[in-house]
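Inspection log for the structure reproduced underneath, given as structure tokens.
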Amino acid sequence: MPQLQSHAGRRLARWFVTRCGWKVIGEFPDVARLVMIGAPLSSWWDGVWGLLIKIAVGADVSFMAKRELFTGPLGWVLRKLGGIPIERGSTHGVVEQMTARFHDRHKLWLGITPEGTRKAVKKWRTGFWHIARAADVPILPVYFHYPQRTLGVGPLFQTSDDINADLQRLKEFYAPWQGKNRRVT
């Protein structure tokens, strides 16, 4: 599905993001396939800023979002921006579906929020790890740091056989960064 990323749209998004004081720190890697995780997710503004920055930098990132958002005109826009509606109530084979997408495509960046909600959570959802592991693709951690209005791009992360150790290392990466309403817990 074509993305809403015309040159005029990119310029407008870049102007708006810059005018609002946001900047991108770090470099996006030159790899065809990866799972991008974003945290901390603490406000609906994270989705707005994330989509605006995605358009501004011209990143072709698909993302999963709750099915309820994909109704009416908003649903059309989200799909054009790369949105994939999912049922959050249970797994419904999401890991398998996303792994199949990776196997069917030469190029795919899939964005996921490991917290799965804007509320503080004690435990991350692990679907992103399982997708990356099953598809044999790296994880790219991306963070919001609201005090400096920064979207930061971290280093590529390869999964190991130890999910708990991997989650701990990823959470340590996110420890310094402050979302709009909180840090990663």
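A note on labels: chains of the structure tokens are A, B, ... as shown, every chain counts residues from 1, and ligands are counted from 1 in their shown order.
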Tell me which protein, DNA and RNA residues are within 9 Å of range 158-173 of chain A, counting only C-alpha atoms, leaving out same-chain ones fewer than 6 positions away, and put them as a ChimeraX atom specification.
/A:124,126,129-130,132-133,136-141,184-185
Would you please extract all alpha helix (DSSP H) residues from range 1-154 of chain A, as assigned by DSSP on the backbone, and give them as number ranges by chain?
A: 7-19, 44-57, 72-80, 94-104, 127-135
Closest of A:Phe16, A:Trp109, A:Phe28, A:Trp22 to Pro155 in chain A - atom-to-atom distances counting only C-alpha atoms
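Among A:Phe16, A:Trp109, A:Phe28, A:Trp22, it is A:Phe28 that comes nearest to Pro155 in chain A.
Listed by chain and then by rising number, the residues of range 53-152 of chain A that DSSP assigns to strand (DSSP E) from the backbone are Val61, Ser62, Phe63, Met64, Ala65, Lys66, Gly83, Ile84, Pro85, Ile86, Leu108, Trp109, Leu110, Gly111, Ile112, Ile139, Leu140, Pro141, Val142, Tyr143, Phe144, His145, Thr150, Leu151 and Gly152 of chain A.
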